[in-house]
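Asks: Compact mmCIF, C-alpha atoms, saved as run-v6.txt, coming up:
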```
# COMPACT_ATOMS: atom_id res chain seq x y z
CA MET U 130 15.68 -19.35 0.83
CA ASP U 131 15.65 -17.85 4.29
CA ALA U 132 16.25 -14.18 4.99
CA ARG U 133 19.71 -14.79 6.43
CA ASP U 134 20.96 -16.47 3.25
CA LYS U 135 19.39 -13.78 1.04
CA GLN U 136 21.12 -11.14 3.15
CA LEU U 137 24.42 -13.00 2.83
CA LEU U 138 24.16 -13.16 -0.96
CA ARG U 139 23.26 -9.45 -1.12
CA SER U 140 26.18 -8.47 1.10
CA LEU U 141 28.65 -10.42 -1.07
CA ARG U 142 27.02 -9.68 -4.43
CA LEU U 143 29.80 -7.56 -5.94
CA GLU U 144 32.51 -9.84 -4.59
CA LEU U 145 30.78 -12.93 -5.99
CA SER U 146 30.32 -11.25 -9.37
CA THR U 147 34.10 -11.00 -9.78
CA GLU U 148 34.48 -14.78 -9.49
CA VAL U 149 34.14 -16.76 -12.71
CA LEU U 150 31.41 -18.94 -11.20
CA MET U 151 29.37 -19.32 -14.38
CA GLU U 152 32.30 -20.75 -16.35
CA GLY U 153 32.27 -23.97 -14.32
CA LEU U 154 29.66 -26.57 -13.55
CA VAL U 155 27.67 -24.48 -11.06
CA ILE U 156 24.74 -23.80 -13.38
CA GLN U 157 24.59 -27.37 -14.67
CA TYR U 158 24.62 -28.80 -11.14
CA LEU U 159 21.79 -26.47 -10.06
CA TYR U 160 19.84 -27.44 -13.19
CA GLN U 161 20.44 -31.15 -12.48
CA GLU U 162 19.20 -30.71 -8.90
CA GLY U 163 16.05 -28.88 -10.01
CA ILE U 164 16.99 -25.51 -8.54
CA LEU U 165 17.25 -23.85 -11.96
CA THR U 166 14.94 -24.45 -14.91
CA GLU U 167 16.04 -24.67 -18.52
CA ASN U 168 14.71 -21.14 -19.01
CA HIS U 169 16.85 -19.90 -16.12
CA VAL U 170 19.96 -21.50 -17.64
CA GLN U 171 19.24 -19.89 -21.02
CA GLU U 172 18.57 -16.51 -19.42
CA ILE U 173 21.85 -16.65 -17.49
CA ARG U 174 23.87 -17.86 -20.50
CA SER U 175 22.40 -15.11 -22.70
CA GLN U 176 24.21 -12.44 -20.68
CA THR U 177 27.22 -11.01 -22.51
CA THR U 178 29.87 -11.24 -19.79
CA SER U 179 30.69 -13.64 -16.99
CA GLN U 180 30.05 -10.86 -14.48
CA ARG U 181 26.58 -10.19 -15.90
CA GLN U 182 25.86 -13.92 -15.93
CA THR U 183 26.75 -14.11 -12.24
CA MET U 184 24.59 -11.06 -11.45
CA MET U 185 21.63 -12.60 -13.28
CA PHE U 186 22.22 -15.86 -11.41
CA LEU U 187 22.30 -13.99 -8.09
CA ASP U 188 18.97 -12.35 -9.00
CA ILE U 189 17.38 -15.74 -9.71
CA LEU U 190 18.84 -17.92 -6.93
CA PRO U 191 17.02 -16.36 -3.92
CA THR U 192 13.66 -17.05 -5.61
CA ARG U 193 14.29 -20.78 -6.02
CA GLY U 194 13.10 -22.21 -2.73
CA PRO U 195 14.39 -23.23 0.69
CA LYS U 196 17.06 -25.66 -0.57
CA ALA U 197 18.57 -23.27 -3.13
CA PHE U 198 21.37 -21.88 -0.95
CA ASP U 199 22.56 -25.27 0.32
CA VAL U 200 22.50 -26.78 -3.18
CA PHE U 201 24.42 -23.71 -4.40
CA LEU U 202 27.07 -24.39 -1.74
CA ASP U 203 27.24 -28.03 -2.93
CA SER U 204 27.72 -26.81 -6.52
CA LEU U 205 30.87 -24.90 -5.64
CA GLN U 206 33.23 -27.90 -5.78
CA GLU U 207 35.40 -26.08 -8.35
CA PHE U 208 35.44 -22.96 -6.19
CA PRO U 209 36.27 -24.14 -2.65
CA TRP U 210 37.48 -20.68 -1.59
CA VAL U 211 34.06 -19.21 -2.47
CA ARG U 212 32.21 -22.05 -0.71
CA ASP U 213 34.39 -21.67 2.40
CA LYS U 214 33.86 -17.91 2.51
CA LEU U 215 30.09 -18.28 2.21
CA LYS U 216 30.00 -20.94 4.94
CA THR U 217 32.17 -18.82 7.24
CA LYS U 218 30.07 -15.68 6.74
CA ARG U 219 26.89 -17.72 7.20
CA LYS U 220 28.13 -19.00 10.57
CA GLU U 221 29.03 -15.47 11.63
CA ILE U 222 25.46 -14.30 11.15
CA MET U 223 23.82 -17.55 12.33
CA PRO U 224 21.82 -16.77 15.45
CA GLU U 225 22.40 -19.08 18.35
CA GLU U 226 18.88 -19.06 19.77
CA PRO U 227 15.45 -19.17 18.08
CA ALA U 228 14.61 -15.74 19.53
CA ASP U 229 17.74 -14.34 17.87
CA PHE U 230 16.73 -15.92 14.55
CA TRP U 231 13.30 -14.29 14.83
CA LEU U 232 14.97 -10.92 15.42
CA VAL U 233 17.34 -11.27 12.46
CA SER U 234 14.54 -12.41 10.13
CA ARG U 235 12.25 -9.61 11.28
CA ALA U 236 15.01 -7.00 11.02
CA SER U 237 16.02 -8.18 7.53
CA SER U 238 12.43 -7.96 6.33
CA LYS U 239 12.25 -4.30 7.42
CA LEU U 240 15.20 -3.20 5.29
CA GLU U 241 14.61 -0.93 2.34
CA PRO U 242 15.58 -2.21 -1.15
CA GLY U 243 19.32 -1.78 -1.61
CA GLU U 244 19.91 -1.49 2.13
CA ASN U 245 21.93 -4.55 3.00
CA SER U 246 24.64 -3.85 5.52
CA PHE U 247 24.99 -5.64 8.82
CA MET U 248 24.86 -2.20 10.46
CA SER U 249 21.36 -1.71 9.04
CA VAL U 250 20.25 -5.12 10.32
CA ASN U 251 21.73 -4.36 13.74
CA ALA U 252 19.88 -1.01 13.87
CA GLN U 253 16.61 -2.78 13.01
CA ILE U 254 17.27 -5.43 15.69
CA HIS U 255 17.82 -2.71 18.29
CA SER U 256 14.58 -1.00 17.22
CA ILE U 257 12.61 -4.27 17.48
CA GLN U 258 14.11 -5.02 20.89
CA GLU U 259 13.05 -1.57 22.11
CA GLU U 260 9.50 -2.16 20.81
CA HIS U 261 9.23 -5.42 22.76
CA ARG U 262 11.00 -4.35 25.97
CA PRO U 263 8.67 -4.09 28.99
CA SER U 264 8.03 -0.53 30.06
CA ALA U 265 9.94 0.74 33.10
CA ASP U 266 6.80 2.52 34.35
CA VAL U 267 5.17 -0.68 35.53
CA SER U 268 5.09 -0.75 39.31
CA PRO U 269 4.52 -3.92 41.30
CA ALA U 270 0.98 -4.35 42.57
```
The structure given in the file should be rewritten as structure tokens.
Replies:
Amino acid sequence: MDARDKQLLRSLRLELSTEVLMEGLVIQYLYQEGILTENHVQEIRSQTTSQRQTMMFLDILPTRGPKAFDVFLDSLQEFPWVRDKLKTKRKEIMPEEPADFWLVSRASSKLEPGENSFMSVNAQIHSIQEEHRPSADVSPA
């Protein structure tokens, strides 16, 4: 899963945990598509509340490869409002140029654990841009 999608899931973690995602077919669809293993399904189901199940799921999902986020979106047929929100937020943070994507990925990788706001990413982007900006001291030869 790319850094942008991980960041998106982190930023919506508490909001997603209030949805009853694990009551539907989400887990079974992800198991069917090979994103989750049988052990993952058992680990998620062993949690005592729906909210804890969702939190466990959100811990596991980012580790499940490059297709995990898109397959997760596909699994949300019973929760179109959640799918639409994730797609909308994803487009909002989708860089328009490859250079922008490099900046967002680099900035996201520099965040401290637990630091997940867009403000933090923007501060890191500004810092990276300053590092790579040509110096003003250079005089023409």
Asks: Which is closest to Gln206 (chain U) among U:Leu145, U:Ala132, U:Leu154, U:Leu138, if we use only C-alpha atoms?
Replies: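 Of U:Leu145, U:Ala132, U:Leu154, U:Leu138, the one nearest Gln206 (chain U) is U:Leu154, counting only C-alpha atoms.
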Asks: Find the residue from U:Glu172, U:Thr178, U:Met130, U:Leu187 that sits nearest to Leu143 (chain U); use all atoms listed in the file when measuring.
Replies: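 Using all atoms listed in the file, the shortest distance to Leu143 (chain U) belongs to U:Leu187.
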Asks: Rounded to one decimal place, report the CA of Gln171 (chain U)-CA of Lys216 (chain U) distance in Å.
Replies: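 Going from CA of Gln171 (chain U) over to CA of Lys216 (chain U), I get 28.1 Å.
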Asks: Go through U:Pro209, U:Gln157, U:Thr217, U:Lys135 and flag the residue nearest Ile189 (chain U), using only C-alpha atoms for the distances.
Replies: U:Lys135
Asks: Place a sphere of radius 12 Å on (22.3, -18.0, 5.1) in the file coordinates and name every protein, DNA or RNA residue with an atom inside or on its surface, counting only C-alpha atoms; give the answer as a CSV table (one decimal) with C-alpha atoms, in the coordinates of the input.
Replies:
```
chain,number,residue,atom,x,y,z
U,130,MET,CA,15.7,-19.4,0.8
U,131,ASP,CA,15.6,-17.8,4.3
U,132,ALA,CA,16.2,-14.2,5.0
U,133,ARG,CA,19.7,-14.8,6.4
U,134,ASP,CA,21.0,-16.5,3.2
U,135,LYS,CA,19.4,-13.8,1.0
U,136,GLN,CA,21.1,-11.1,3.2
U,137,LEU,CA,24.4,-13.0,2.8
U,138,LEU,CA,24.2,-13.2,-1.0
U,139,ARG,CA,23.3,-9.4,-1.1
U,140,SER,CA,26.2,-8.5,1.1
U,141,LEU,CA,28.6,-10.4,-1.1
U,191,PRO,CA,17.0,-16.4,-3.9
U,195,PRO,CA,14.4,-23.2,0.7
U,196,LYS,CA,17.1,-25.7,-0.6
U,197,ALA,CA,18.6,-23.3,-3.1
U,198,PHE,CA,21.4,-21.9,-1.0
U,199,ASP,CA,22.6,-25.3,0.3
U,201,PHE,CA,24.4,-23.7,-4.4
U,202,LEU,CA,27.1,-24.4,-1.7
U,214,LYS,CA,33.9,-17.9,2.5
U,215,LEU,CA,30.1,-18.3,2.2
U,216,LYS,CA,30.0,-20.9,4.9
U,217,THR,CA,32.2,-18.8,7.2
U,218,LYS,CA,30.1,-15.7,6.7
U,219,ARG,CA,26.9,-17.7,7.2
U,220,LYS,CA,28.1,-19.0,10.6
U,221,GLU,CA,29.0,-15.5,11.6
U,222,ILE,CA,25.5,-14.3,11.2
U,223,MET,CA,23.8,-17.6,12.3
U,224,PRO,CA,21.8,-16.8,15.4
U,230,PHE,CA,16.7,-15.9,14.6
U,233,VAL,CA,17.3,-11.3,12.5
U,234,SER,CA,14.5,-12.4,10.1
U,237,SER,CA,16.0,-8.2,7.5
```
Asks: Give the answer as one residue: which of U:Leu165, U:Tyr158, U:Phe208, U:Val200 has the shortest atom-to-atom distance to Asp188 (chain U), using all atoms listed in the file?
Replies: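 With all atoms listed in the file as the atom set, the closest residue is U:Leu165.
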Asks: Could you work out how far CA of Val155 (chain U) lies from CA of Asp213 (chain U), giving the answer in Å with one decimal?
Replies: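 These two atoms are separated by 15.3 Å.
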Asks: Any idea what the distance is between CA of Ile156 (chain U) and CA of Phe186 (chain U)?
Replies: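 Separation of CA of Ile156 (chain U) and CA of Phe186 (chain U): 8.6 Å.
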Asks: Taking every listed atom of region 160-175 of chain U and adding 6 Å to each side, what centre and edge lengths in Å (one decimal) does the axis-aligned box have, as lines of an AutoDock Vina configuration file?
Replies:
```
center_x = 19.3
center_y = -23.1
center_z = -15.6
size_x = 21.2
size_y = 28.0
size_z = 26.2
```
Asks: Can you list, as a VMD selection string, every protein, DNA or RNA residue that comes within 12 Å of Gly153 (chain U) when you count all atoms listed in the file, leaving out same-chain residues fewer than 5 positions away?
Replies: chain U and resid 148 158 to 159 179 183 204 to 208
